[in-house]
$ cat structure09.cif   # mmCIF, C-alpha atoms
data_entry
#
loop_
_atom_site.group_PDB
_atom_site.id
_atom_site.type_symbol
_atom_site.label_atom_id
_atom_site.label_comp_id
_atom_site.auth_asym_id
_atom_site.auth_seq_id
_atom_site.Cartn_x
_atom_site.Cartn_y
_atom_site.Cartn_z
ATOM 1 C CA ILE A 1 71.882 -107.713 -90.760
ATOM 2 C CA VAL A 2 70.059 -110.887 -91.867
ATOM 3 C CA ILE A 3 67.259 -112.172 -89.596
ATOM 4 C CA ILE A 4 66.070 -115.774 -90.003
ATOM 5 C CA ASN A 5 62.557 -116.671 -88.846
ATOM 6 C CA VAL A 6 61.366 -120.295 -88.849
ATOM 7 C CA SER A 7 57.875 -121.572 -88.022
ATOM 8 C CA ASN A 8 57.278 -125.241 -87.167
ATOM 9 C CA LYS A 9 55.018 -127.302 -84.953
ATOM 10 C CA ASP A 10 58.148 -128.506 -83.147
ATOM 11 C CA PRO A 11 59.878 -125.478 -81.520
ATOM 12 C CA LYS A 12 63.156 -127.381 -81.095
ATOM 13 C CA LEU A 13 63.170 -128.325 -84.783
ATOM 14 C CA ALA A 14 62.454 -124.704 -85.717
ATOM 15 C CA GLN A 15 65.450 -123.642 -83.624
ATOM 16 C CA LEU A 16 67.705 -126.199 -85.302
ATOM 17 C CA ILE A 17 66.567 -125.158 -88.803
ATOM 18 C CA ALA A 18 67.259 -121.473 -88.063
ATOM 19 C CA ASP A 19 70.724 -122.232 -86.629
ATOM 20 C CA TYR A 20 71.555 -124.504 -89.569
ATOM 21 C CA GLY A 21 70.493 -121.798 -92.032
ATOM 22 C CA ALA A 22 72.719 -119.245 -90.284
ATOM 23 C CA GLU A 23 75.731 -121.580 -90.380
ATOM 24 C CA GLN A 24 75.149 -122.389 -94.059
ATOM 25 C CA PHE A 25 74.938 -118.690 -94.926
ATOM 26 C CA LYS A 26 78.190 -118.052 -93.038
ATOM 27 C CA GLU A 27 79.958 -120.984 -94.725
ATOM 28 C CA ARG A 28 78.841 -120.010 -98.242
ATOM 29 C CA SER A 29 80.023 -116.453 -97.671
ATOM 30 C CA ARG A 30 83.425 -117.740 -96.555
ATOM 31 C CA ASN A 31 83.671 -120.065 -99.573
ATOM 32 C CA PHE A 32 82.754 -117.217 -101.916
ATOM 33 C CA ASP A 33 85.462 -114.977 -100.421
ATOM 34 C CA SER A 34 87.986 -117.833 -100.593
ATOM 35 C CA ALA A 35 87.187 -118.388 -104.269
ATOM 36 C CA LYS A 36 87.832 -114.726 -105.011
ATOM 37 C CA MET A 37 91.115 -114.860 -103.097
ATOM 38 C CA ARG A 38 92.157 -118.016 -104.948
ATOM 39 C CA SER A 39 91.337 -116.459 -108.315
ATOM 40 C CA ALA A 40 93.397 -113.353 -107.493
ATOM 41 C CA LYS A 41 96.317 -115.521 -106.326
ATOM 42 C CA GLU A 42 96.263 -117.595 -109.522
ATOM 43 C CA LEU A 43 96.226 -114.463 -111.686
ATOM 44 C CA ILE A 44 99.220 -113.040 -109.812
ATOM 45 C CA GLU A 45 101.095 -116.338 -110.106
ATOM 46 C CA GLU A 46 100.513 -116.402 -113.873
ATOM 47 C CA GLN A 47 101.898 -112.874 -114.169
ATOM 48 C CA LEU A 48 104.812 -113.807 -111.890
ATOM 49 C CA TYR A 49 105.747 -116.712 -114.166
ATOM 50 C CA ILE A 50 105.754 -114.449 -117.230
ATOM 51 C CA VAL A 51 107.773 -111.699 -115.517
ATOM 52 C CA GLU A 52 110.279 -114.254 -114.192
ATOM 53 C CA LYS A 53 110.925 -115.420 -117.767
ATOM 54 C CA ASP A 54 111.254 -111.790 -118.916
ATOM 55 C CA LEU A 55 113.816 -111.162 -116.165
ATOM 56 C CA LYS A 56 115.877 -114.216 -117.160
ATOM 57 C CA ASN A 57 115.835 -113.204 -120.836
ATOM 58 C CA ALA A 58 116.829 -109.612 -119.985
ATOM 59 C CA GLU A 59 119.746 -110.824 -117.850
ATOM 60 C CA ASP A 60 120.947 -113.131 -120.654
ATOM 61 C CA ARG A 61 120.795 -110.338 -123.252
ATOM 62 C CA LEU A 62 122.817 -108.021 -120.999
ATOM 63 C CA GLN A 63 125.493 -110.614 -120.249
ATOM 64 C CA ASN A 64 125.873 -111.585 -123.910
ATOM 65 C CA PHE A 65 126.186 -107.932 -124.984
ATOM 66 C CA GLN A 66 128.775 -107.134 -122.311
ATOM 67 C CA LYS A 67 130.893 -110.143 -123.315
ATOM 68 C CA LYS A 68 130.654 -109.324 -127.020
ATOM 69 C CA GLU A 69 131.488 -105.608 -126.669
ATOM 70 C CA GLY A 70 133.824 -105.865 -123.682
ATOM 71 C CA LEU A 71 131.818 -103.270 -121.730
ATOM 72 C CA ILE A 72 131.651 -103.616 -117.959
ATOM 73 C CA ASP A 73 131.286 -100.068 -116.591
ATOM 74 C CA VAL A 74 130.975 -96.512 -117.911
ATOM 75 C CA ASP A 75 131.906 -92.989 -116.941
ATOM 76 C CA SER A 76 130.285 -91.856 -113.655
ATOM 77 C CA VAL A 77 128.462 -88.977 -115.349
ATOM 78 C CA VAL A 78 126.972 -91.272 -117.952
ATOM 79 C CA LYS A 79 126.128 -93.795 -115.262
ATOM 80 C CA ALA A 80 124.275 -91.166 -113.222
ATOM 81 C CA LYS A 81 122.167 -90.131 -116.236
ATOM 82 C CA VAL A 82 121.266 -93.689 -117.085
ATOM 83 C CA GLU A 83 120.478 -94.586 -113.481
ATOM 84 C CA LYS A 84 118.054 -91.674 -113.378
ATOM 85 C CA VAL A 85 116.199 -93.094 -116.366
ATOM 86 C CA ILE A 86 116.266 -96.571 -114.798
ATOM 87 C CA GLU A 87 114.795 -95.198 -111.587
ATOM 88 C CA LEU A 88 112.127 -93.252 -113.465
ATOM 89 C CA GLU A 89 111.074 -96.245 -115.537
ATOM 90 C CA ALA A 90 110.886 -98.496 -112.482
ATOM 91 C CA THR A 91 108.839 -95.870 -110.617
ATOM 92 C CA LYS A 92 106.641 -95.361 -113.680
ATOM 93 C CA SER A 93 106.070 -99.119 -113.915
ATOM 94 C CA LEU A 94 104.899 -99.267 -110.305
ATOM 95 C CA ALA A 95 102.735 -96.172 -110.857
ATOM 96 C CA GLU A 96 101.017 -97.966 -113.745
ATOM 97 C CA VAL A 97 100.239 -100.888 -111.425
ATOM 98 C CA GLU A 98 98.872 -98.449 -108.805
ATOM 99 C CA LYS A 99 96.678 -96.814 -111.454
ATOM 100 C CA ASP A 100 95.314 -100.163 -112.688
ATOM 101 C CA VAL A 101 94.575 -101.339 -109.130
ATOM 102 C CA ALA A 102 92.876 -98.027 -108.229
ATOM 103 C CA GLU A 103 90.773 -98.148 -111.409
ATOM 104 C CA ALA A 104 89.736 -101.764 -110.723
ATOM 105 C CA LYS A 105 88.681 -100.908 -107.158
ATOM 106 C CA MET A 106 86.704 -97.882 -108.339
ATOM 107 C CA LYS A 107 84.887 -99.946 -110.972
ATOM 108 C CA GLU A 108 84.172 -102.690 -108.423
ATOM 109 C CA VAL A 109 82.447 -100.213 -106.100
ATOM 110 C CA GLN A 110 80.598 -98.661 -109.062
ATOM 111 C CA SER A 111 79.268 -102.047 -110.162
ATOM 112 C CA GLY A 112 78.013 -102.689 -106.648
ATOM 113 C CA LEU A 113 76.149 -99.383 -106.623
ATOM 114 C CA GLY A 114 74.734 -99.922 -110.075
ATOM 115 C CA GLY A 115 75.892 -96.504 -111.284
ATOM 116 C CA ALA A 116 78.933 -94.846 -112.799
ATOM 117 C CA LEU A 117 80.930 -91.913 -111.533
ATOM 118 C CA ARG A 118 82.002 -89.654 -114.395
ATOM 119 C CA ILE A 119 84.922 -87.362 -113.674
ATOM 120 C CA ASP A 120 85.415 -84.241 -115.773
ATOM 121 C CA GLU A 121 89.218 -84.069 -115.754
ATOM 122 C CA LYS A 122 89.078 -80.882 -117.843
ATOM 123 C CA ASP A 123 87.592 -79.095 -114.845
ATOM 124 C CA PRO A 124 90.306 -76.498 -113.978
ATOM 125 C CA LEU A 125 90.111 -77.208 -110.245
ATOM 126 C CA VAL A 126 90.235 -81.006 -110.685
ATOM 127 C CA ALA A 127 93.145 -80.704 -113.137
ATOM 128 C CA GLN A 128 95.028 -78.386 -110.779
ATOM 129 C CA LEU A 129 94.530 -80.683 -107.775
ATOM 130 C CA GLN A 130 95.501 -83.744 -109.830
ATOM 131 C CA GLY A 131 98.766 -82.058 -110.796
ATOM 132 C CA GLN A 132 99.475 -81.039 -107.209
ATOM 133 C CA LEU A 133 98.740 -84.544 -105.953
ATOM 134 C CA ALA A 134 101.013 -86.112 -108.584
ATOM 135 C CA GLN A 135 103.893 -83.792 -107.663
ATOM 136 C CA LEU A 136 103.425 -84.483 -103.951
ATOM 137 C CA GLU A 137 103.315 -88.262 -104.477
ATOM 138 C CA ILE A 138 106.559 -88.126 -106.499
ATOM 139 C CA GLU A 139 108.134 -85.861 -103.879
ATOM 140 C CA LEU A 140 107.106 -88.273 -101.095
ATOM 141 C CA ALA A 141 108.607 -91.252 -102.950
ATOM 142 C CA GLY A 142 111.919 -89.389 -103.195
ATOM 143 C CA LEU A 143 111.895 -88.423 -99.514
ATOM 144 C CA LYS A 144 111.126 -91.973 -98.357
ATOM 145 C CA GLU A 145 114.219 -93.232 -100.181
ATOM 146 C CA LYS A 146 116.360 -91.025 -97.900
ATOM 147 C CA TRP A 147 114.432 -90.650 -94.649
ATOM 148 C CA ALA A 148 112.322 -92.657 -92.212
ATOM 149 C CA ASP A 149 108.524 -92.281 -92.080
ATOM 150 C CA ASP A 150 108.709 -90.071 -88.974
ATOM 151 C CA TYR A 151 111.100 -87.550 -90.565
ATOM 152 C CA PRO A 152 109.531 -84.025 -90.497
ATOM 153 C CA ASP A 153 109.656 -83.506 -94.270
ATOM 154 C CA VAL A 154 108.008 -86.910 -94.838
ATOM 155 C CA LEU A 155 105.248 -86.166 -92.321
ATOM 156 C CA ASN A 156 104.701 -82.693 -93.786
ATOM 157 C CA THR A 157 104.393 -84.052 -97.333
ATOM 158 C CA LYS A 158 101.969 -86.780 -96.169
ATOM 159 C CA ALA A 159 99.822 -84.097 -94.541
ATOM 160 C CA LYS A 160 99.810 -82.088 -97.788
ATOM 161 C CA ILE A 161 98.789 -85.211 -99.729
ATOM 162 C CA ALA A 162 95.901 -85.883 -97.328
ATOM 163 C CA GLU A 163 94.702 -82.283 -97.617
ATOM 164 C CA THR A 164 94.968 -82.327 -101.422
ATOM 165 C CA LYS A 165 93.047 -85.625 -101.602
ATOM 166 C CA LYS A 166 90.310 -84.122 -99.444
ATOM 167 C CA LYS A 167 89.996 -81.115 -101.762
ATOM 168 C CA LEU A 168 90.030 -83.360 -104.831
ATOM 169 C CA SER A 169 87.294 -85.548 -103.302
ATOM 170 C CA GLU A 170 85.163 -82.452 -102.723
ATOM 171 C CA ALA A 171 85.774 -81.239 -106.278
ATOM 172 C CA ILE A 172 84.777 -84.620 -107.757
ATOM 173 C CA ALA A 173 81.726 -84.821 -105.475
ATOM 174 C CA SER A 174 80.574 -81.401 -106.684
ATOM 175 C CA GLN A 175 80.598 -82.740 -110.270
ATOM 176 C CA SER A 176 78.365 -85.684 -109.347
ATOM 177 C CA SER A 177 76.029 -84.503 -106.628
ATOM 178 C CA ASN A 178 74.063 -87.765 -106.864
ATOM 179 C CA ILE A 179 77.069 -89.774 -105.696
ATOM 180 C CA LYS A 180 77.124 -89.947 -101.893
ATOM 181 C CA ASN A 181 79.208 -93.098 -101.395
ATOM 182 C CA GLN A 182 82.452 -92.026 -99.684
ATOM 183 C CA ALA A 183 84.271 -95.246 -100.590
ATOM 184 C CA LEU A 184 83.590 -94.574 -104.274
ATOM 185 C CA LEU A 185 84.825 -91.000 -103.935
ATOM 186 C CA ASP A 186 87.981 -92.205 -102.154
ATOM 187 C CA HIS A 187 88.720 -94.727 -104.921
ATOM 188 C CA ALA A 188 88.026 -92.046 -107.540
ATOM 189 C CA VAL A 189 90.534 -89.736 -105.858
ATOM 190 C CA ASN A 190 93.128 -92.514 -105.698
ATOM 191 C CA TYR A 191 92.543 -93.337 -109.370
ATOM 192 C CA THR A 192 92.725 -89.763 -110.674
ATOM 193 C CA GLY A 193 95.778 -89.115 -108.503
ATOM 194 C CA ALA A 194 97.504 -92.272 -109.760
ATOM 195 C CA GLU A 195 96.599 -91.370 -113.341
ATOM 196 C CA ALA A 196 98.111 -87.885 -112.975
ATOM 197 C CA LYS A 197 101.193 -89.301 -111.244
ATOM 198 C CA ASN A 198 101.665 -91.806 -114.055
ATOM 199 C CA ALA A 199 101.337 -89.068 -116.694
ATOM 200 C CA GLU A 200 103.855 -86.883 -114.865
ATOM 201 C CA LEU A 201 106.353 -89.730 -114.532
ATOM 202 C CA THR A 202 105.896 -90.644 -118.208
ATOM 203 C CA ALA A 203 106.712 -87.069 -119.251
ATOM 204 C CA MET A 204 109.788 -87.030 -116.995
ATOM 205 C CA PHE A 205 110.904 -90.423 -118.329
ATOM 206 C CA ASN A 206 110.485 -89.331 -121.957
ATOM 207 C CA GLU A 207 112.474 -86.162 -121.299
ATOM 208 C CA GLU A 208 115.369 -88.031 -119.686
ATOM 209 C CA THR A 209 115.287 -90.713 -122.382
ATOM 210 C CA GLU A 210 115.759 -88.045 -125.060
ATOM 211 C CA LYS A 211 118.865 -86.841 -123.226
ATOM 212 C CA LEU A 212 120.350 -90.321 -123.416
ATOM 213 C CA LYS A 213 120.338 -90.183 -127.211
ATOM 214 C CA THR A 214 123.444 -87.998 -127.076
ATOM 215 C CA LEU A 215 125.469 -90.827 -125.480
ATOM 216 C CA PRO A 216 127.643 -93.215 -127.524
ATOM 217 C CA GLY A 217 125.680 -96.000 -129.156
ATOM 218 C CA LYS A 218 127.269 -98.997 -127.419
ATOM 219 C CA ILE A 219 126.986 -97.428 -123.975
ATOM 220 C CA VAL A 220 123.359 -96.534 -124.583
ATOM 221 C CA GLU A 221 122.612 -100.078 -125.716
ATOM 222 C CA MET A 222 124.343 -101.604 -122.691
ATOM 223 C CA LYS A 223 122.493 -99.307 -120.296
ATOM 224 C CA ARG A 224 119.224 -99.948 -122.096
ATOM 225 C CA LEU A 225 119.743 -103.663 -121.459
ATOM 226 C CA MET A 226 120.595 -102.899 -117.819
ATOM 227 C CA ARG A 227 117.398 -100.877 -117.602
ATOM 228 C CA GLU A 228 115.407 -103.819 -118.920
ATOM 229 C CA VAL A 229 116.911 -106.038 -116.208
ATOM 230 C CA ASP A 230 116.178 -103.519 -113.447
ATOM 231 C CA VAL A 231 112.596 -102.937 -114.582
ATOM 232 C CA ALA A 232 111.951 -106.686 -114.897
ATOM 233 C CA GLU A 233 113.507 -107.266 -111.466
ATOM 234 C CA THR A 234 111.358 -104.523 -109.902
ATOM 235 C CA LYS A 235 108.211 -106.033 -111.413
ATOM 236 C CA TYR A 236 109.271 -109.516 -110.287
ATOM 237 C CA LYS A 237 109.876 -108.427 -106.682
ATOM 238 C CA SER A 238 106.580 -106.539 -106.587
ATOM 239 C CA LEU A 239 104.593 -109.507 -107.946
ATOM 240 C CA LEU A 240 106.463 -111.939 -105.678
ATOM 241 C CA GLN A 241 105.414 -109.893 -102.654
ATOM 242 C CA LYS A 242 101.820 -109.725 -103.896
ATOM 243 C CA SER A 243 101.869 -113.496 -104.459
ATOM 244 C CA GLN A 244 103.038 -114.124 -100.898
ATOM 245 C CA GLU A 245 100.392 -111.736 -99.539
ATOM 246 C CA ALA A 246 97.677 -113.449 -101.614
ATOM 247 C CA LYS A 247 98.714 -116.885 -100.293
ATOM 248 C CA LEU A 248 98.607 -115.596 -96.715
ATOM 249 C CA GLN A 249 95.183 -114.016 -97.237
ATOM 250 C CA GLU A 250 93.846 -117.231 -98.756
ATOM 251 C CA THR A 251 95.008 -119.358 -95.800
ATOM 252 C CA THR A 252 93.745 -116.898 -93.178
ATOM 253 C CA GLN A 253 90.475 -115.961 -94.890
ATOM 254 C CA GLN A 254 87.653 -116.361 -92.396
ATOM 255 C CA GLY A 255 84.877 -114.563 -94.245
ATOM 256 C CA ASN A 256 83.141 -111.351 -93.231
ATOM 257 C CA VAL A 257 79.876 -112.916 -91.997
ATOM 258 C CA GLU A 258 79.389 -113.753 -88.329
ATOM 259 C CA VAL A 259 76.382 -115.129 -86.456
ATOM 260 C CA ALA A 260 75.396 -112.407 -83.993
ATOM 261 C CA ALA A 261 73.001 -114.630 -82.039
ATOM 262 C CA TYR A 262 71.637 -118.126 -82.493
ATOM 263 C CA ALA A 263 67.922 -118.975 -82.379
ATOM 264 C CA MET A 264 66.140 -119.145 -79.036
ATOM 265 C CA LEU A 265 63.269 -121.420 -78.114
ATOM 266 C CA PRO A 266 60.001 -119.442 -78.088
ATOM 267 C CA GLY A 267 58.251 -118.886 -74.790
ATOM 268 C CA GLY A 268 54.931 -119.963 -76.281
ATOM 269 C CA PRO A 269 53.232 -120.881 -79.567
ATOM 270 C CA TYR A 270 53.554 -118.363 -82.384
ATOM 271 C CA THR A 271 50.230 -119.324 -83.995
ATOM 272 C CA PRO A 272 47.295 -119.401 -83.741
ATOM 273 C CA ASN A 273 46.946 -116.105 -81.850
ATOM 274 C CA MET A 274 44.161 -116.813 -79.343
ATOM 275 C CA ASN A 275 44.027 -113.273 -77.969
#
$ encode --input "structure09.cif" --output "C-alpha cells"
Amino acid sequence: IVIINVSNKDPKLAQLIADYGAEQFKERSRNFDSAKMRSAKELIEEQLYIVEKDLKNAEDRLQNFQKKEGLIDVDSVVKAKVEKVIELEATKSLAEVEKDVAEAKMKEVQSGLGGALRIDEKDPLVAQLQGQLAQLEIELAGLKEKWADDYPDVLNTKAKIAETKKKLSEAIASQSSNIKNQALLDHAVNYTGAEAKNAELTAMFNEETEKLKTLPGKIVEMKRLMREVDVAETKYKSLLQKSQEAKLQETTQQGNVEVAAYAMLPGGPYTPNMN
C-alpha cells in the first residue's frame, strides 16, 4: 500500500496534487506492465517466424525425398515404432519449453528477493521425489490423450502429482531454511520436476531412437524427415498459441495498481499545531 501525503496552504490544491500523483503512479505501472507484455510478444513472434521457416523447409525435404525414392507409406509395425519416437520427441520438445519457462520464473522471483535458492539434487529424497514426479507427469500426459479431465485415473494421477509436489517443496525448503517465500518454492518445485521429466523423456527418446537403427535405411530416413515435420509443426502450433495469448494479454492489460481511495479535504489546518 502506497500512501500519498501532500501539504499546501491551499487544501484544495493539496487534494488535487495527491490525486494527480496517485493517477500518475497507476498509469506508469500500467505502462511498465504493457512494455513487458509487448517485449514478450515480440520475442515470441520472432521465434514463431523462425519455426515457421523450419516447418516449411522440413516439409519440402520430406516431399522431395518421397518423390525421389517413391516411398509413401511403410509397414504398420515400422510405422508404430517410428510414431512412438515422433511422439516422444514432440513431448520432449514441449518439456524443454516447460523447463525453460519454469527456470525463468524461478530466477525472476529470486532476483526480486535478492537471494538465490540452491537445490541439492543429489539429496536422495529430492532425487527420489523428482523421479516420481517425472513419471507421474508422463503418465498424466498419456492418460489425457485418451480420457477427459474428470476421468477417475486422470483425477487420481493429478492428486498424486499434487502430493508429490508438496513433499518435494518440503524437501527443498529443508535444504534452504532461510527461504520462506512460497512462490519461490513453488517455482523451484516446478523447475526441478520439469528438469527430471525432460531427463526421463530424453532417456526414453534415446532408447527408442537406437531401436530405429535396425530399420532399412530409406525408411528410417523418410521417417526421420517426417519426425522433423511433426516436431516443427508441434513447436509452431505451441508458439502460435502463445503469440495469440500474448496479443490478448497486451490488449487487455490494465495494470495491477488501483487507487483505493482518493484524497479528502482536511477538516482543519495541518500546521501549525496550536494545541
$ residues_around --input "structure09.cif" --residues "Ala134 in chain A" --least-positions-apart "3" --cutoff "8 Å" --atoms "all atoms listed in the file" --output "PDB file with C-alpha atoms, in the coordinates of the input"
ATOM      1  CA  GLN A 130      95.501 -83.744-109.830  1.00  0.00           C
ATOM      2  CA  GLY A 131      98.766 -82.058-110.796  1.00  0.00           C
ATOM      3  CA  GLU A 137     103.315 -88.262-104.477  1.00  0.00           C
ATOM      4  CA  ILE A 138     106.559 -88.126-106.499  1.00  0.00           C
ATOM      5  CA  GLY A 193      95.778 -89.115-108.503  1.00  0.00           C
ATOM      6  CA  ALA A 194      97.504 -92.272-109.760  1.00  0.00           C
ATOM      7  CA  ALA A 196      98.111 -87.885-112.975  1.00  0.00           C
ATOM      8  CA  LYS A 197     101.193 -89.301-111.244  1.00  0.00           C
ATOM      9  CA  ASN A 198     101.665 -91.806-114.055  1.00  0.00           C
ATOM     10  CA  GLU A 200     103.855 -86.883-114.865  1.00  0.00           C
TER      11      GLU A 200
END
$ residues_around --input "structure09.cif" --residues "Pro266 in chain A" --least-positions-apart "4" --cutoff "10 Å" --atoms "only C-alpha atoms" --output "list in words"
Pro11, Lys12, Ala14, Gln15 and Tyr270 of chain A
$ write_last_selection --input "structure09.cif" --atoms "C-alpha atoms" --output "mmCIF file, in the coordinates of the input"
data_model
loop_
_atom_site.group_PDB
_atom_site.id
_atom_site.type_symbol
_atom_site.label_atom_id
_atom_site.label_comp_id
_atom_site.auth_asym_id
_atom_site.auth_seq_id
_atom_site.Cartn_x
_atom_site.Cartn_y
_atom_site.Cartn_z
ATOM 1 C CA PRO A 11 59.878 -125.478 -81.520
ATOM 2 C CA LYS A 12 63.156 -127.381 -81.095
ATOM 3 C CA ALA A 14 62.454 -124.704 -85.717
ATOM 4 C CA GLN A 15 65.450 -123.642 -83.624
ATOM 5 C CA TYR A 270 53.554 -118.363 -82.384
#
$ residues_around --input "structure09.cif" --residues "Lys144 in chain A" --least-positions-apart "5" --cutoff "12 Å" --atoms "only C-alpha atoms" --output "list of chain:residue names"
A:Glu137, A:Ile138, A:Glu139, A:Asp149, A:Asp150, A:Tyr151, A:Pro152, A:Asp153, A:Val154, A:Leu155, A:Thr157, A:Lys158
$ resolve_selection --input "structure09.cif" --expression "the PyMOL selection byres ((chain A and resi 21) around 12)" --output "PyMOL selection string"
chain A and resi 2-6+14-20+22-28+259+262-263
$ closest_residue --input "structure09.cif" --among "A:Glu103, A:Leu125, A:Leu140, A:Tyr191" --to "Lys167 in chain A" --atoms "all atoms listed in the file"
A:Leu125
